[in-house]
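Take a look at the structure set out below.
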Amino acid sequence: MSGLFLTLEGIDGAGKSSHIDALEALFQAAGRTVTRTREPGGTPLAETLRGLILAQPMDALTESLLVFAARRDHIVNVIAPALARGEVVLCDRFTDATFAYQGAGRGFDLAVLGTLEQWVQAGQGGETLLQPELTLWFDLQPEVAAARLAGARLPDKFEAQPVAFFQQVAAGYAERAKAPRFARIDADQPREQVWQQVEAVLRQRGFIA
Ligand code: TMP
C-alpha cells in the first residue's frame, strides 16, 4: 500500500486541529497505519525550533529559515520514512502555512520561499518534490476566527496578531488553494457539519472507500 500525505491548513481559530482525532480513526478503521504530526514541530529538534518561532520576535527571513529548517528535520526523520512504510501521514500544517504566514502575512519574498521549498522538499535522488496529496483548507473569515480565539488561551506570537494580518494570511491561503490538491472546507459551520464536509472530500477523492 502506498503512503498518503495529507495536510490541514487554515488561519488560527479556523478549527482544523479539532478534526485530527476523527481523521485518524477514519483511516485506522480502513486498516491504515497513521502517523500524526504537526508543523512547526514533529521531531525533538523541530519542536525546539517551534518554541522559538512562536515566542521570539525575529525578522521574516530568520523566521522562514527556521520553519524550513524544522521542516527539513521533520521530513527526513518522520514524514519520508512513514510514507516509505506505506502509512497515512496526517500533518497539522506544512509549507502552505509558510506561504500564507511568512509570505502573505509578513510580506516576505515568495520567490525565496519557493527556492527554500525546492531545497527542503527535494528527494534524495533528485526525484519530484515532496508535496501533500491532499490539503484540507479550513476557510473561515478572520473576524469569526478572532472571535473564536478570544479568551480561549494565552495567544502565541501569531495568534496575538490583529485581524488585518489574518486577512492577508487568508488571502495567501486562497492563492495557494488554486492547486488541485486543495479541498476547501467551509469552516463557518457547526463542528459536525464541518466534519461531514471533510468525510465527503475523502470519499469523493477516493482516499476512503
Ligand atoms: P498551530 O497553532 O496550528 O500549531 O500553528 C502554529 C503557528 O505557527 C500558527 O500561528 C501558524 C504558524 N506557522 C507559520 O507562521 N509558518 C509555518 O510554516 C507554520 C507551519 C506555522
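Order determines the names: the first chain of the C-alpha cells is A, the second B, and so forth; residues in each chain are numbered 1 upward, and ligands are numbered 1 upward as they are shown.
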
- Query: Residues within 6 Å of ligand 1 (only C-alpha atoms and all ligand atoms), as a PyMOL selection string?
  - Reply: chain A and resi 12+39-40+67+93-95+97-98+101-102+158-159

Serialized selection, N, CA, C and O atoms, as a PDB file, in the first residue's frame:
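Contents of selection_26.pdb, as written:
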ATOM      1  N   ASP A  12      -5.359  30.704  12.243  1.00  0.00           N
ATOM      2  CA  ASP A  12      -5.567  30.366  13.652  1.00  0.00           C
ATOM      3  C   ASP A  12      -7.038  30.597  14.007  1.00  0.00           C
ATOM      4  O   ASP A  12      -7.603  31.624  13.648  1.00  0.00           O
ATOM      5  N   GLU A  39       3.385  20.894  12.216  1.00  0.00           N
ATOM      6  CA  GLU A  39       4.469  21.844  11.937  1.00  0.00           C
ATOM      7  C   GLU A  39       4.118  23.222  12.470  1.00  0.00           C
ATOM      8  O   GLU A  39       2.942  23.590  12.445  1.00  0.00           O
ATOM      9  N   PRO A  40       5.070  24.055  12.894  1.00  0.00           N
ATOM     10  CA  PRO A  40       6.436  23.588  13.077  1.00  0.00           C
ATOM     11  C   PRO A  40       6.484  22.568  14.203  1.00  0.00           C
ATOM     12  O   PRO A  40       5.795  22.731  15.197  1.00  0.00           O
ATOM     13  N   VAL A  67      11.499  27.930  10.056  1.00  0.00           N
ATOM     14  CA  VAL A  67      10.402  26.980   9.764  1.00  0.00           C
ATOM     15  C   VAL A  67      10.852  25.947   8.736  1.00  0.00           C
ATOM     16  O   VAL A  67      10.511  24.763   8.852  1.00  0.00           O
ATOM     17  N   ARG A  93      -0.604  21.446   9.431  1.00  0.00           N
ATOM     18  CA  ARG A  93       0.169  22.497   8.743  1.00  0.00           C
ATOM     19  C   ARG A  93       1.425  21.937   8.073  1.00  0.00           C
ATOM     20  O   ARG A  93       2.039  20.987   8.550  1.00  0.00           O
ATOM     21  N   PHE A  94       1.787  22.603   6.962  1.00  0.00           N
ATOM     22  CA  PHE A  94       3.020  22.285   6.223  1.00  0.00           C
ATOM     23  C   PHE A  94       3.407  23.560   5.460  1.00  0.00           C
ATOM     24  O   PHE A  94       3.095  24.671   5.909  1.00  0.00           O
ATOM     25  N   THR A  95       4.030  23.423   4.310  1.00  0.00           N
ATOM     26  CA  THR A  95       4.604  24.581   3.610  1.00  0.00           C
ATOM     27  C   THR A  95       3.589  25.642   3.189  1.00  0.00           C
ATOM     28  O   THR A  95       3.934  26.820   3.079  1.00  0.00           O
ATOM     29  N   ALA A  97       1.448  26.885   4.976  1.00  0.00           N
ATOM     30  CA  ALA A  97       1.403  27.839   6.092  1.00  0.00           C
ATOM     31  C   ALA A  97       2.545  28.848   5.974  1.00  0.00           C
ATOM     32  O   ALA A  97       2.386  30.015   6.349  1.00  0.00           O
ATOM     33  N   THR A  98       3.681  28.417   5.462  1.00  0.00           N
ATOM     34  CA  THR A  98       4.806  29.357   5.303  1.00  0.00           C
ATOM     35  C   THR A  98       4.478  30.400   4.233  1.00  0.00           C
ATOM     36  O   THR A  98       4.746  31.588   4.399  1.00  0.00           O
ATOM     37  N   TYR A 101       1.651  32.589   6.011  1.00  0.00           N
ATOM     38  CA  TYR A 101       2.042  33.428   7.163  1.00  0.00           C
ATOM     39  C   TYR A 101       3.268  34.289   6.864  1.00  0.00           C
ATOM     40  O   TYR A 101       3.237  35.502   7.037  1.00  0.00           O
ATOM     41  N   GLN A 102       4.373  33.642   6.449  1.00  0.00           N
ATOM     42  CA  GLN A 102       5.588  34.437   6.209  1.00  0.00           C
ATOM     43  C   GLN A 102       5.461  35.204   4.873  1.00  0.00           C
ATOM     44  O   GLN A 102       5.902  36.347   4.786  1.00  0.00           O
ATOM     45  N   PHE A 158       1.790  34.570  16.837  1.00  0.00           N
ATOM     46  CA  PHE A 158       0.933  34.754  15.659  1.00  0.00           C
ATOM     47  C   PHE A 158      -0.513  35.017  16.064  1.00  0.00           C
ATOM     48  O   PHE A 158      -1.174  35.893  15.509  1.00  0.00           O
ATOM     49  N   GLU A 159      -0.990  34.264  17.050  1.00  0.00           N
ATOM     50  CA  GLU A 159      -2.391  34.435  17.474  1.00  0.00           C
ATOM     51  C   GLU A 159      -2.651  35.843  17.997  1.00  0.00           C
ATOM     52  O   GLU A 159      -3.786  36.306  17.984  1.00  0.00           O
TER      53      GLU A 159
END

- Query: Quick one: residues within 7 Å of stretch 181-196 of chain A, only C-alpha atoms counted, chain neighbours fewer than 6 positions away excluded, as a VMD selection string?
  - Reply: chain A and resid 14 19 133 to 140

Mind dumping the selected residues with C-alpha atoms as an mmCIF file, in the first residue's frame?
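Result went into out-v8.cif, see below:
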data_model
loop_
_atom_site.group_PDB
_atom_site.id
_atom_site.type_symbol
_atom_site.label_atom_id
_atom_site.label_comp_id
_atom_site.auth_asym_id
_atom_site.auth_seq_id
_atom_site.Cartn_x
_atom_site.Cartn_y
_atom_site.Cartn_z
ATOM 1 C CA ALA A 14 -10.399 28.004 11.955
ATOM 2 C CA HIS A 19 -10.750 17.060 13.338
ATOM 3 C CA GLU A 133 -1.517 14.607 -1.938
ATOM 4 C CA LEU A 134 -4.454 16.320 -0.270
ATOM 5 C CA THR A 135 -4.633 19.573 1.678
ATOM 6 C CA LEU A 136 -7.792 20.283 3.654
ATOM 7 C CA TRP A 137 -8.134 24.061 3.819
ATOM 8 C CA PHE A 138 -10.418 25.172 6.657
ATOM 9 C CA ASP A 139 -11.613 28.506 5.356
ATOM 10 C CA LEU A 140 -13.073 30.933 7.872
#

- Distance in Å - atom CA of A:Ala174 versus atom CA of A:Ala100: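 Atom CA of A:Ala100 lies 8.8 Å from atom CA of A:Ala174.
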
- Item | Interatomic distance (Å, one decimal) between atom CA of A:Phe108 and atom CA of A:Pro180 |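 Separation between atom CA of A:Phe108 and atom CA of A:Pro180: 24.3 Å.
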
I need the residues of stretch 23-124 of chain A that end up classed as helix (DSSP H, G or I) by DSSP on the backbone, written out as a PDB file with N, CA and C atoms, in the first residue's frame.
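The resulting file, part30.pdb, is reproduced below:
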ATOM      1  N   LEU A  23     -10.094  12.045  11.911  1.00  0.00           N
ATOM      2  CA  LEU A  23      -9.406  11.630  10.679  1.00  0.00           C
ATOM      3  C   LEU A  23      -8.577  10.377  10.927  1.00  0.00           C
ATOM      4  N   GLU A  24      -7.849  10.386  12.050  1.00  0.00           N
ATOM      5  CA  GLU A  24      -7.023   9.226  12.393  1.00  0.00           C
ATOM      6  C   GLU A  24      -7.910   7.984  12.522  1.00  0.00           C
ATOM      7  N   ALA A  25      -9.033   8.133  13.236  1.00  0.00           N
ATOM      8  CA  ALA A  25      -9.935   6.995  13.453  1.00  0.00           C
ATOM      9  C   ALA A  25     -10.503   6.481  12.129  1.00  0.00           C
ATOM     10  N   LEU A  26     -10.811   7.404  11.230  1.00  0.00           N
ATOM     11  CA  LEU A  26     -11.385   7.022   9.931  1.00  0.00           C
ATOM     12  C   LEU A  26     -10.397   6.171   9.131  1.00  0.00           C
ATOM     13  N   PHE A  27      -9.139   6.608   9.090  1.00  0.00           N
ATOM     14  CA  PHE A  27      -8.135   5.844   8.328  1.00  0.00           C
ATOM     15  C   PHE A  27      -7.806   4.519   9.021  1.00  0.00           C
ATOM     16  N   GLN A  28      -7.765   4.541  10.353  1.00  0.00           N
ATOM     17  CA  GLN A  28      -7.489   3.289  11.070  1.00  0.00           C
ATOM     18  C   GLN A  28      -8.607   2.278  10.827  1.00  0.00           C
ATOM     19  N   ALA A  29      -9.840   2.757  10.794  1.00  0.00           N
ATOM     20  CA  ALA A  29     -10.979   1.858  10.525  1.00  0.00           C
ATOM     21  C   ALA A  29     -10.879   1.259   9.124  1.00  0.00           C
ATOM     22  N   PRO A  44      12.174  16.156  17.961  1.00  0.00           N
ATOM     23  CA  PRO A  44      12.699  16.934  19.096  1.00  0.00           C
ATOM     24  C   PRO A  44      13.331  18.263  18.652  1.00  0.00           C
ATOM     25  N   LEU A  45      14.136  18.225  17.583  1.00  0.00           N
ATOM     26  CA  LEU A  45      14.757  19.476  17.124  1.00  0.00           C
ATOM     27  C   LEU A  45      13.695  20.457  16.624  1.00  0.00           C
ATOM     28  N   ALA A  46      12.765  19.966  15.818  1.00  0.00           N
ATOM     29  CA  ALA A  46      11.749  20.858  15.242  1.00  0.00           C
ATOM     30  C   ALA A  46      10.811  21.417  16.320  1.00  0.00           C
ATOM     31  N   GLU A  47      10.553  20.643  17.367  1.00  0.00           N
ATOM     32  CA  GLU A  47       9.724  21.160  18.473  1.00  0.00           C
ATOM     33  C   GLU A  47      10.488  22.254  19.231  1.00  0.00           C
ATOM     34  N   THR A  48      11.806  22.094  19.340  1.00  0.00           N
ATOM     35  CA  THR A  48      12.611  23.148  19.978  1.00  0.00           C
ATOM     36  C   THR A  48      12.546  24.425  19.140  1.00  0.00           C
ATOM     37  N   LEU A  49      12.669  24.263  17.817  1.00  0.00           N
ATOM     38  CA  LEU A  49      12.576  25.431  16.931  1.00  0.00           C
ATOM     39  C   LEU A  49      11.183  26.056  17.018  1.00  0.00           C
ATOM     40  N   ARG A  50      10.140  25.211  17.129  1.00  0.00           N
ATOM     41  CA  ARG A  50       8.774  25.728  17.255  1.00  0.00           C
ATOM     42  C   ARG A  50       8.658  26.709  18.434  1.00  0.00           C
ATOM     43  N   GLY A  51       9.244  26.296  19.568  1.00  0.00           N
ATOM     44  CA  GLY A  51       9.176  27.148  20.754  1.00  0.00           C
ATOM     45  C   GLY A  51       9.771  28.528  20.486  1.00  0.00           C
ATOM     46  N   LEU A  52      10.855  28.562  19.721  1.00  0.00           N
ATOM     47  CA  LEU A  52      11.497  29.847  19.387  1.00  0.00           C
ATOM     48  C   LEU A  52      10.644  30.636  18.400  1.00  0.00           C
ATOM     49  N   ILE A  53      10.171  29.942  17.363  1.00  0.00           N
ATOM     50  CA  ILE A  53       9.411  30.617  16.299  1.00  0.00           C
ATOM     51  C   ILE A  53       8.139  31.262  16.862  1.00  0.00           C
ATOM     52  N   LEU A  54       7.470  30.571  17.781  1.00  0.00           N
ATOM     53  CA  LEU A  54       6.181  31.066  18.294  1.00  0.00           C
ATOM     54  C   LEU A  54       6.332  32.080  19.418  1.00  0.00           C
ATOM     55  N   ALA A  55       7.570  32.244  19.930  1.00  0.00           N
ATOM     56  CA  ALA A  55       7.727  33.139  21.083  1.00  0.00           C
ATOM     57  C   ALA A  55       8.633  34.339  20.817  1.00  0.00           C
ATOM     58  N   ALA A  60      11.520  38.404   9.073  1.00  0.00           N
ATOM     59  CA  ALA A  60      10.777  37.396   8.310  1.00  0.00           C
ATOM     60  C   ALA A  60      11.683  36.360   7.653  1.00  0.00           C
ATOM     61  N   LEU A  61      12.927  36.771   7.279  1.00  0.00           N
ATOM     62  CA  LEU A  61      13.842  35.781   6.690  1.00  0.00           C
ATOM     63  C   LEU A  61      14.281  34.775   7.747  1.00  0.00           C
ATOM     64  N   THR A  62      14.623  35.262   8.937  1.00  0.00           N
ATOM     65  CA  THR A  62      15.019  34.353  10.021  1.00  0.00           C
ATOM     66  C   THR A  62      13.891  33.361  10.301  1.00  0.00           C
ATOM     67  N   GLU A  63      12.670  33.904  10.374  1.00  0.00           N
ATOM     68  CA  GLU A  63      11.509  33.053  10.653  1.00  0.00           C
ATOM     69  C   GLU A  63      11.326  31.995   9.556  1.00  0.00           C
ATOM     70  N   SER A  64      11.491  32.422   8.314  1.00  0.00           N
ATOM     71  CA  SER A  64      11.326  31.482   7.188  1.00  0.00           C
ATOM     72  C   SER A  64      12.404  30.401   7.217  1.00  0.00           C
ATOM     73  N   LEU A  65      13.650  30.807   7.517  1.00  0.00           N
ATOM     74  CA  LEU A  65      14.734  29.822   7.580  1.00  0.00           C
ATOM     75  C   LEU A  65      14.487  28.825   8.713  1.00  0.00           C
ATOM     76  N   LEU A  66      13.995  29.313   9.840  1.00  0.00           N
ATOM     77  CA  LEU A  66      13.743  28.397  10.968  1.00  0.00           C
ATOM     78  C   LEU A  66      12.598  27.437  10.662  1.00  0.00           C
ATOM     79  N   VAL A  67      11.499  27.930  10.056  1.00  0.00           N
ATOM     80  CA  VAL A  67      10.402  26.980   9.764  1.00  0.00           C
ATOM     81  C   VAL A  67      10.852  25.947   8.736  1.00  0.00           C
ATOM     82  N   PHE A  68      11.677  26.374   7.766  1.00  0.00           N
ATOM     83  CA  PHE A  68      12.142  25.389   6.775  1.00  0.00           C
ATOM     84  C   PHE A  68      13.197  24.450   7.364  1.00  0.00           C
ATOM     85  N   ALA A  69      14.005  24.931   8.317  1.00  0.00           N
ATOM     86  CA  ALA A  69      14.968  24.040   8.986  1.00  0.00           C
ATOM     87  C   ALA A  69      14.209  22.978   9.786  1.00  0.00           C
ATOM     88  N   ALA A  70      13.177  23.423  10.513  1.00  0.00           N
ATOM     89  CA  ALA A  70      12.341  22.479  11.265  1.00  0.00           C
ATOM     90  C   ALA A  70      11.697  21.472  10.309  1.00  0.00           C
ATOM     91  N   ARG A  71      11.230  21.979   9.172  1.00  0.00           N
ATOM     92  CA  ARG A  71      10.561  21.113   8.175  1.00  0.00           C
ATOM     93  C   ARG A  71      11.519  20.074   7.613  1.00  0.00           C
ATOM     94  N   ARG A  72      12.754  20.480   7.326  1.00  0.00           N
ATOM     95  CA  ARG A  72      13.714  19.529   6.763  1.00  0.00           C
ATOM     96  C   ARG A  72      13.941  18.363   7.733  1.00  0.00           C
ATOM     97  N   ASP A  73      14.149  18.707   9.011  1.00  0.00           N
ATOM     98  CA  ASP A  73      14.379  17.675  10.031  1.00  0.00           C
ATOM     99  C   ASP A  73      13.164  16.756  10.140  1.00  0.00           C
ATOM    100  N   HIS A  74      11.991  17.356  10.059  1.00  0.00           N
ATOM    101  CA  HIS A  74      10.726  16.619  10.155  1.00  0.00           C
ATOM    102  C   HIS A  74      10.536  15.672   8.968  1.00  0.00           C
ATOM    103  N   ILE A  75      10.837  16.172   7.762  1.00  0.00           N
ATOM    104  CA  ILE A  75      10.698  15.339   6.560  1.00  0.00           C
ATOM    105  C   ILE A  75      11.656  14.147   6.632  1.00  0.00           C
ATOM    106  N   VAL A  76      12.919  14.452   6.930  1.00  0.00           N
ATOM    107  CA  VAL A  76      13.955  13.410   6.903  1.00  0.00           C
ATOM    108  C   VAL A  76      13.694  12.328   7.951  1.00  0.00           C
ATOM    109  N   ASN A  77      13.256  12.752   9.138  1.00  0.00           N
ATOM    110  CA  ASN A  77      13.153  11.797  10.253  1.00  0.00           C
ATOM    111  C   ASN A  77      11.769  11.206  10.476  1.00  0.00           C
ATOM    112  N   VAL A  78      10.734  11.877  10.012  1.00  0.00           N
ATOM    113  CA  VAL A  78       9.370  11.385  10.302  1.00  0.00           C
ATOM    114  C   VAL A  78       8.540  11.184   9.025  1.00  0.00           C
ATOM    115  N   ILE A  79       8.380  12.230   8.231  1.00  0.00           N
ATOM    116  CA  ILE A  79       7.403  12.158   7.129  1.00  0.00           C
ATOM    117  C   ILE A  79       7.849  11.164   6.049  1.00  0.00           C
ATOM    118  N   ALA A  80       9.070  11.334   5.538  1.00  0.00           N
ATOM    119  CA  ALA A  80       9.523  10.455   4.447  1.00  0.00           C
ATOM    120  C   ALA A  80       9.576   8.983   4.884  1.00  0.00           C
ATOM    121  N   PRO A  81      10.116   8.669   6.079  1.00  0.00           N
ATOM    122  CA  PRO A  81      10.117   7.251   6.493  1.00  0.00           C
ATOM    123  C   PRO A  81       8.705   6.677   6.634  1.00  0.00           C
ATOM    124  N   ALA A  82       7.765   7.462   7.173  1.00  0.00           N
ATOM    125  CA  ALA A  82       6.389   6.953   7.339  1.00  0.00           C
ATOM    126  C   ALA A  82       5.748   6.704   5.977  1.00  0.00           C
ATOM    127  N   LEU A  83       5.966   7.606   5.029  1.00  0.00           N
ATOM    128  CA  LEU A  83       5.395   7.409   3.683  1.00  0.00           C
ATOM    129  C   LEU A  83       6.031   6.187   3.021  1.00  0.00           C
ATOM    130  N   ALA A  84       7.336   5.992   3.252  1.00  0.00           N
ATOM    131  CA  ALA A  84       8.028   4.826   2.673  1.00  0.00           C
ATOM    132  C   ALA A  84       7.483   3.521   3.250  1.00  0.00           C
ATOM    133  N   THR A  95       4.030  23.423   4.310  1.00  0.00           N
ATOM    134  CA  THR A  95       4.604  24.581   3.610  1.00  0.00           C
ATOM    135  C   THR A  95       3.589  25.642   3.189  1.00  0.00           C
ATOM    136  N   ASP A  96       2.343  25.245   2.961  1.00  0.00           N
ATOM    137  CA  ASP A  96       1.330  26.259   2.616  1.00  0.00           C
ATOM    138  C   ASP A  96       1.222  27.303   3.723  1.00  0.00           C
ATOM    139  N   ALA A  97       1.448  26.885   4.976  1.00  0.00           N
ATOM    140  CA  ALA A  97       1.403  27.839   6.092  1.00  0.00           C
ATOM    141  C   ALA A  97       2.545  28.848   5.974  1.00  0.00           C
ATOM    142  N   THR A  98       3.681  28.417   5.462  1.00  0.00           N
ATOM    143  CA  THR A  98       4.806  29.357   5.303  1.00  0.00           C
ATOM    144  C   THR A  98       4.478  30.400   4.233  1.00  0.00           C
ATOM    145  N   PHE A  99       3.892  29.939   3.112  1.00  0.00           N
ATOM    146  CA  PHE A  99       3.498  30.900   2.076  1.00  0.00           C
ATOM    147  C   PHE A  99       2.411  31.840   2.591  1.00  0.00           C
ATOM    148  N   ALA A 100       1.504  31.315   3.423  1.00  0.00           N
ATOM    149  CA  ALA A 100       0.403  32.142   3.929  1.00  0.00           C
ATOM    150  C   ALA A 100       0.888  33.109   5.019  1.00  0.00           C
ATOM    151  N   TYR A 101       1.651  32.589   6.011  1.00  0.00           N
ATOM    152  CA  TYR A 101       2.042  33.428   7.163  1.00  0.00           C
ATOM    153  C   TYR A 101       3.268  34.289   6.864  1.00  0.00           C
ATOM    154  N   GLN A 102       4.373  33.642   6.449  1.00  0.00           N
ATOM    155  CA  GLN A 102       5.588  34.437   6.209  1.00  0.00           C
ATOM    156  C   GLN A 102       5.461  35.204   4.873  1.00  0.00           C
ATOM    157  N   GLY A 103       4.873  34.548   3.866  1.00  0.00           N
ATOM    158  CA  GLY A 103       4.732  35.188   2.560  1.00  0.00           C
ATOM    159  C   GLY A 103       3.661  36.271   2.561  1.00  0.00           C
ATOM    160  N   ALA A 104       2.401  35.833   2.598  1.00  0.00           N
ATOM    161  CA  ALA A 104       1.303  36.806   2.507  1.00  0.00           C
ATOM    162  C   ALA A 104       1.175  37.636   3.786  1.00  0.00           C
ATOM    163  N   GLY A 105       1.279  36.998   4.940  1.00  0.00           N
ATOM    164  CA  GLY A 105       1.080  37.704   6.209  1.00  0.00           C
ATOM    165  C   GLY A 105       2.167  38.726   6.477  1.00  0.00           C
ATOM    166  N   LEU A 110       8.076  35.735  -1.990  1.00  0.00           N
ATOM    167  CA  LEU A 110       7.536  34.408  -2.329  1.00  0.00           C
ATOM    168  C   LEU A 110       8.530  33.588  -3.154  1.00  0.00           C
ATOM    169  N   ALA A 111       9.348  34.282  -3.960  1.00  0.00           N
ATOM    170  CA  ALA A 111      10.327  33.550  -4.783  1.00  0.00           C
ATOM    171  C   ALA A 111      11.378  32.889  -3.891  1.00  0.00           C
ATOM    172  N   VAL A 112      11.790  33.580  -2.827  1.00  0.00           N
ATOM    173  CA  VAL A 112      12.760  32.978  -1.893  1.00  0.00           C
ATOM    174  C   VAL A 112      12.124  31.777  -1.200  1.00  0.00           C
ATOM    175  N   LEU A 113      10.855  31.924  -0.800  1.00  0.00           N
ATOM    176  CA  LEU A 113      10.158  30.783  -0.181  1.00  0.00           C
ATOM    177  C   LEU A 113      10.084  29.614  -1.156  1.00  0.00           C
ATOM    178  N   GLY A 114       9.864  29.925  -2.423  1.00  0.00           N
ATOM    179  CA  GLY A 114       9.801  28.871  -3.447  1.00  0.00           C
ATOM    180  C   GLY A 114      11.136  28.142  -3.570  1.00  0.00           C
ATOM    181  N   THR A 115      12.236  28.893  -3.469  1.00  0.00           N
ATOM    182  CA  THR A 115      13.567  28.272  -3.530  1.00  0.00           C
ATOM    183  C   THR A 115      13.798  27.375  -2.320  1.00  0.00           C
ATOM    184  N   LEU A 116      13.422  27.892  -1.141  1.00  0.00           N
ATOM    185  CA  LEU A 116      13.587  27.082   0.076  1.00  0.00           C
ATOM    186  C   LEU A 116      12.739  25.810  -0.005  1.00  0.00           C
ATOM    187  N   GLU A 117      11.538  25.956  -0.553  1.00  0.00           N
ATOM    188  CA  GLU A 117      10.647  24.796  -0.723  1.00  0.00           C
ATOM    189  C   GLU A 117      11.325  23.734  -1.602  1.00  0.00           C
ATOM    190  N   GLN A 118      11.972  24.192  -2.679  1.00  0.00           N
ATOM    191  CA  GLN A 118      12.666  23.256  -3.581  1.00  0.00           C
ATOM    192  C   GLN A 118      13.805  22.540  -2.852  1.00  0.00           C
ATOM    193  N   TRP A 119      14.580  23.274  -2.098  1.00  0.00           N
ATOM    194  CA  TRP A 119      15.709  22.670  -1.374  1.00  0.00           C
ATOM    195  C   TRP A 119      15.242  21.666  -0.345  1.00  0.00           C
ATOM    196  N   VAL A 120      14.257  22.097   0.440  1.00  0.00           N
ATOM    197  CA  VAL A 120      13.872  21.326   1.634  1.00  0.00           C
ATOM    198  C   VAL A 120      13.026  20.103   1.262  1.00  0.00           C
ATOM    199  N   GLN A 121      12.220  20.216   0.213  1.00  0.00           N
ATOM    200  CA  GLN A 121      11.299  19.132  -0.118  1.00  0.00           C
ATOM    201  C   GLN A 121      11.795  18.256  -1.266  1.00  0.00           C
TER     202      GLN A 121
END

- Using only C-alpha atoms, which of A:Arg106, A:Arg205, A:Arg176, A:Arg148 sits nearest A:Gly15?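 Using only C-alpha atoms, A:Gly15 sits closest to A:Arg148.
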
- Query: Given the choices A:Ala30, A:Ala22, A:Leu202, A:Cys91, which gets closest to A:Gln131 if the distance is worked out from only C-alpha atoms?
  - Reply: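 When distances to A:Gln131 are compared using only C-alpha atoms, the smallest one comes from A:Cys91.
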
- What does the distance from atom CA of A:Gln56 to atom CA of A:Gly151 come to in Å, to one decimal? 21.6 Å

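Those residues in stretch 49-200 of chain A carrying a DSSP assignment of strand (DSSP E), computed from the backbone, are Val88, Val89, Leu90, Cys91, Asp92, Leu134, Thr135, Leu136, Trp137, Phe138, Asp139, Phe182, Ala183, Arg184, Ile185 and Asp186 of chain A.
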
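Distance check against A:Gly10 using only C-alpha atoms: of A:Ile208, A:Ala170, A:Val198, A:Ala179, the minimum falls on A:Ala170.
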